[in-house]
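These notes are about the structure you will find just below.
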Amino acid sequence: MADDFFDSSDNDRSNKPLLHAESWTLPEPLSLEGGGVLDNVTVVYETYGKLNAEKSNAIFICHALSGDSHVASHDSDDDPGWWELMVGPGKPIDTNRYFVVCANILGGCRGTTGPEDINPATGIPYGKDFPAICIADIVNVNHKLICDHFGIPSLFALVGGSLGGFMALDWAVRYPDTLYGSIMIATGARLSQQSRAFDVIARNAITSDPNFCDGQYYDKIVGPKKGLAIARQLGHITYLSREAMNRKSASDRKVDSPFETIYPVGSYLAHQGDKFVERFDANSYCTLSIALDDYNQSQTFEDLTEDLKKSRCRWLCVSFSSDWLFVPSQTKEIVDAALAAGKEVSYCNVASEAGHDGFLLKPEIDFYGQLVSAFLRNLESNPQVGVHKEPNADPAEFPEKRPVPYRLKHRIDFDRILELIPPGKSVLDLGCGKGELLLRLRQRGDDVLLGVELEQKCVLHCIQHDLNVIHTDMDKGLRSFRDNQFDFVVLSKTLQTVRNVELVLSEMLRIGKTAIVSFPNFGYHRFRTQLEMFGTAPQTDTRPGRKWFNTNDVRFLTIADFRELCNVKRYRIQKMIALDTEREIEIPEEESPNVLADVAIIALTK
């Protein structure tokens, strides 16, 4: 999306009729978690694509607080949806391949039963008397829509961002047998107190508006528009990063608004607030924001881990580096709990300057959309999923988009590492890069495999090749992993890039029963000659354009150096393999490996 002054994720939303919306009314009263009951609950939803004969290709999309069922346009005459860039033919959530359902949530104001509907007990709209609802109630309604109305026994995947992520998490725990994959974006297990504080102020702005009329404003000429607009302005501040807000202040454009427009940022917020009141209801905003604030999947990390043990799905979690409504650590908490629960999970913290709104904007979707697309294709490896059995379109018209199989080049160091790992063992590969070692292990038949990687593009590459990977910086520790969680922890030709060597090695031996470390030996005679004869630093980073000043290498250790470290730390060297990789031979101990080997592989235990 271009950096136009008024650009935001709200640009294409309006209060126009939803041309392709359908509705379903629950056949029985809905019992709420808080003790109330709602009669004749109606759900408004939209569908995209075709449900296959096995009903195994359904994806349910959970929208955020101010969203609705119109996730994407249905044809060229239809208005764009709130996730137009993500959902549609050939897009990351490909409607030529999947049957996509998105429903307006309970308590909303775009067709599904909410505060503006008639209360049968009074004959007037519920208003503020609409019963308190929670995320579990919203998920319960959506679950009934999928299972009872559509007759879909298990969702292929559930996708949710922000508030929608709460729903995805709750569904996976509450209805574990009805879900193969869960994609959680820019979310967490609860709101922070700071985020709740913004919601409290927003609700105060609404209820303090003289036109709020104690929630019964539906028969009035003017409702609480100013209060709702201010609530939206507050919310919008939390959706943008500092960098994004600065860009909005780089223009001198003005708008005609009753709100202050002295500064450009005021004009921007006034525009967003004025536009929002055209399509949203103040009581719905209060109802849904309270449900958002009340949600707390688990009080402690241990409880969250126990909750996630109930789930049976595979997980993809995505956060955004500049998001301060749901900071990356909130998403990472779910990832860590899933790891502790022994679940298959991948995670990426997407570099972004857009803030929370990044999950709806083009620059970020251009990257993380590939993560989502790859993850969905990986789910198809589940033998119970029959997405291919009844395609939505001619395969010749919509060809496969799977990546070209990765051609693994012969590497003697990987051959030797595989010899050190007996088949069937669990392996954590630190600094896994594009997953070459993990792919070799998988080709051998091993399946309990996980990578840790810092480079975002490498994380994508791993997921595209059906490898589980966690995007994190090992120099900051590996607290995500339990003691003795893996049989082997591998650090392959990465030690020279590690800044906190003592911490990383200690963590490897905590997490794994055996640690395997390989590294370039800077005592190798060719490196010595290069320094002695030419006076230039030895170089192992052979990527194009890499020199001493832009390499990732920060250590220049030798085999002798590493042995000394093991002696100091009292690490036990089980086996050392010294290699001349150019000649593809092993250098025996008696032939001075510190001089003749360019790579060392060392297996360690405590």
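By convention here, the chains of the structure tokens are called A, B, ... in the order presented, each chain's residues are numbered starting at 1, and ligands are numbered starting at 1 in the order presented.
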
Set the distance at 9 Å and use only C-alpha atoms: which residues neighbour A:Val345 once local chain neighbours fewer than 3 positions away are removed? I'd like the list as number ranges by chain. A: 314-317, 335, 338-339, 342, 450, 468-470

Neighbouring residues of stretch 260-265 of chain A were defined as those with any atom within 9 Å, considering only C-alpha atoms; residues of the same chain fewer than 2 positions away were excluded. Please report them as number ranges by chain. A: 245-246, 248-258, 267-270

Stretch 408-419 of chain A environment, 8 Å, only C-alpha atoms, sequence neighbours closer than 6 positions dropped, as a count of residues only: 11

Within 8 Å of A:Ile206, counting only C-alpha atoms, which residues qualify if same-chain residues fewer than 6 places away don't, as an MDAnalysis selection string? chainID A and resid 212 224 226:228 230:231 282

Nearest to A:Ser154 by atom-to-atom distance, counting only C-alpha atoms, from A:Pro115, A:Gly477, A:Gly181, A:Gly358: A:Gly181

Can you pull out every residue within 12 Å of A:Tyr347, counting only C-alpha atoms, but drop anything in the same chain fewer than 2 positions away, and send it as a ChimeraX atom specification? /A:182-186,314-320,328-329,331-336,338-339,344-345,349-350,368,371-372,375,450-454,456,459-460,462-463,467-472,480

Restricted to N, CA and C atoms, what would the selected residues look like written as a short mmCIF file (atom, residue, chain, number, x, y, z; two decimals), in the first residue's frame?
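In the end it all went to part_31.cif:
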data_model
loop_
_atom_site.label_atom_id
_atom_site.label_comp_id
_atom_site.auth_asym_id
_atom_site.auth_seq_id
_atom_site.Cartn_x
_atom_site.Cartn_y
_atom_site.Cartn_z
N SER A 182 -3.56 -24.20 12.89
CA SER A 182 -3.95 -22.90 13.44
C SER A 182 -2.89 -21.87 13.09
N ILE A 183 -3.34 -20.75 12.50
CA ILE A 183 -2.44 -19.65 12.13
C ILE A 183 -2.82 -18.44 12.96
N MET A 184 -1.90 -18.01 13.82
CA MET A 184 -2.16 -16.90 14.73
C MET A 184 -1.23 -15.76 14.37
N ILE A 185 -1.81 -14.57 14.16
CA ILE A 185 -1.05 -13.44 13.65
C ILE A 185 -1.24 -12.22 14.55
N ALA A 186 -0.14 -11.60 14.98
CA ALA A 186 -0.17 -10.37 15.76
C ALA A 186 -1.13 -10.49 16.93
N ARG A 314 -1.35 -28.34 14.13
CA ARG A 314 -0.03 -27.79 13.85
C ARG A 314 -0.16 -26.26 13.87
N TRP A 315 0.88 -25.55 14.34
CA TRP A 315 0.78 -24.12 14.58
C TRP A 315 1.74 -23.32 13.71
N LEU A 316 1.26 -22.17 13.25
CA LEU A 316 2.10 -21.13 12.67
C LEU A 316 1.77 -19.83 13.40
N CYS A 317 2.78 -19.22 14.02
CA CYS A 317 2.57 -17.96 14.74
C CYS A 317 3.43 -16.87 14.12
N VAL A 318 2.84 -15.70 13.92
CA VAL A 318 3.53 -14.58 13.27
C VAL A 318 3.32 -13.33 14.12
N SER A 319 4.41 -12.61 14.38
CA SER A 319 4.32 -11.31 15.04
C SER A 319 5.02 -10.28 14.17
N PHE A 320 4.93 -9.01 14.58
CA PHE A 320 5.55 -7.92 13.81
C PHE A 320 6.45 -7.11 14.74
N PRO A 328 5.87 -8.61 20.16
CA PRO A 328 6.29 -9.96 19.74
C PRO A 328 6.40 -10.97 20.88
N SER A 329 6.80 -10.51 22.06
CA SER A 329 6.95 -11.45 23.18
C SER A 329 5.62 -12.09 23.57
N THR A 331 3.21 -13.03 21.39
CA THR A 331 3.06 -14.15 20.46
C THR A 331 4.06 -15.26 20.80
N LYS A 332 5.28 -14.84 21.15
CA LYS A 332 6.33 -15.81 21.45
C LYS A 332 5.97 -16.65 22.68
N GLU A 333 5.19 -16.09 23.61
CA GLU A 333 4.76 -16.88 24.76
C GLU A 333 3.94 -18.09 24.33
N ILE A 334 3.08 -17.90 23.34
CA ILE A 334 2.29 -19.02 22.82
C ILE A 334 3.20 -20.04 22.14
N VAL A 335 4.18 -19.54 21.38
CA VAL A 335 5.13 -20.43 20.71
C VAL A 335 5.88 -21.26 21.75
N ASP A 336 6.37 -20.60 22.79
CA ASP A 336 7.13 -21.30 23.82
C ASP A 336 6.28 -22.34 24.53
N ALA A 338 3.68 -23.88 23.24
CA ALA A 338 3.45 -24.97 22.29
C ALA A 338 4.67 -25.90 22.23
N LEU A 339 5.86 -25.30 22.25
CA LEU A 339 7.08 -26.11 22.28
C LEU A 339 7.14 -26.95 23.55
N GLU A 344 3.89 -29.30 17.19
CA GLU A 344 4.58 -28.83 15.98
C GLU A 344 4.26 -27.36 15.77
N VAL A 345 5.27 -26.50 15.79
CA VAL A 345 5.02 -25.07 15.70
C VAL A 345 6.16 -24.40 14.94
N ASN A 349 9.02 -13.53 13.50
CA ASN A 349 8.78 -12.15 13.90
C ASN A 349 9.15 -11.28 12.69
N VAL A 350 8.16 -10.84 11.95
CA VAL A 350 8.37 -10.16 10.67
C VAL A 350 8.89 -8.74 10.90
N TYR A 368 4.84 -12.18 4.75
CA TYR A 368 4.26 -13.21 5.62
C TYR A 368 3.15 -13.99 4.92
N LEU A 371 4.59 -17.16 4.09
CA LEU A 371 4.62 -18.08 5.23
C LEU A 371 3.30 -18.82 5.35
N VAL A 372 2.21 -18.06 5.24
CA VAL A 372 0.87 -18.65 5.37
C VAL A 372 0.61 -19.65 4.26
N PHE A 375 2.66 -22.79 4.80
CA PHE A 375 2.14 -23.57 5.93
C PHE A 375 0.89 -24.35 5.53
N LEU A 450 13.54 -29.79 14.51
CA LEU A 450 13.20 -28.38 14.66
C LEU A 450 14.43 -27.53 14.41
N GLY A 451 14.21 -26.40 13.73
CA GLY A 451 15.30 -25.47 13.48
C GLY A 451 15.12 -24.17 14.24
N VAL A 452 16.23 -23.52 14.54
CA VAL A 452 16.24 -22.17 15.09
C VAL A 452 17.06 -21.31 14.15
N GLU A 453 16.51 -20.16 13.72
CA GLU A 453 17.21 -19.35 12.73
C GLU A 453 16.89 -17.88 12.95
N LEU A 454 17.88 -17.03 12.70
CA LEU A 454 17.73 -15.59 12.88
C LEU A 454 17.38 -14.87 11.59
N GLN A 456 15.38 -13.93 8.50
CA GLN A 456 13.97 -14.05 8.15
C GLN A 456 13.75 -14.83 6.86
N VAL A 459 14.05 -18.49 7.45
CA VAL A 459 12.86 -19.01 8.12
C VAL A 459 11.79 -19.35 7.08
N LEU A 460 11.57 -18.44 6.15
CA LEU A 460 10.60 -18.70 5.08
C LEU A 460 11.00 -19.92 4.27
N CYS A 462 12.73 -22.50 5.13
CA CYS A 462 12.48 -23.73 5.90
C CYS A 462 11.00 -24.10 5.88
N ILE A 463 10.14 -23.13 6.12
CA ILE A 463 8.70 -23.41 6.15
C ILE A 463 8.23 -23.84 4.77
N LEU A 467 9.57 -27.65 7.03
CA LEU A 467 10.36 -27.81 8.24
C LEU A 467 9.81 -26.86 9.32
N ASN A 468 9.69 -27.34 10.53
CA ASN A 468 9.31 -26.48 11.64
C ASN A 468 10.52 -25.67 12.06
N VAL A 469 10.32 -24.36 12.25
CA VAL A 469 11.45 -23.48 12.55
C VAL A 469 10.98 -22.35 13.45
N ILE A 470 11.86 -21.95 14.36
CA ILE A 470 11.58 -20.85 15.28
C ILE A 470 12.52 -19.70 14.97
N HIS A 471 11.96 -18.53 14.71
CA HIS A 471 12.74 -17.34 14.40
C HIS A 471 13.15 -16.68 15.72
N THR A 472 14.42 -16.80 16.07
CA THR A 472 14.88 -16.21 17.33
C THR A 472 16.39 -16.04 17.30
N SER A 480 13.08 -21.01 25.53
CA SER A 480 11.88 -21.63 24.98
C SER A 480 11.90 -23.15 25.13
#

Using only C-alpha atoms, can you tell me which of A:Asn211, A:Asn142, A:Val41, A:Asn119 comes closest to A:Ser69?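 Looking only at the distances to A:Ser69, the closest residue turns out to be A:Asn142.
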
Pick from A:Val501, A:Leu439, A:Ile587, A:Leu191 nearest to A:Phe326, counting only C-alpha atoms: A:Leu191

Selected residue, from A:Ser162, A:Gln216, A:Thr300, A:Gln574, that lies nearest to A:Leu420 when counting only C-alpha atoms: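 Counting only C-alpha atoms, the residue closest to A:Leu420 is A:Gln574.
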
Among stretch 407-574 of chain A, which ones does DSSP place in strand (DSSP E or B), written as a PyMOL selection string? chain A and resi 427-430+449-453+469-471+486-492+512-520+572-574

Counting only C-alpha atoms, figure out which residue out of A:Leu106, A:Leu155, A:Leu361, A:Val517 gets nearest to A:Ala244. A:Leu361

Rank A:Leu19, A:Leu478, A:Cys286, A:Val327 by their smallest atom-to-atom distance to A:His356, using only C-alpha atoms, and report the top residue only.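 Of all the options, A:Val327 lies closest to A:His356.
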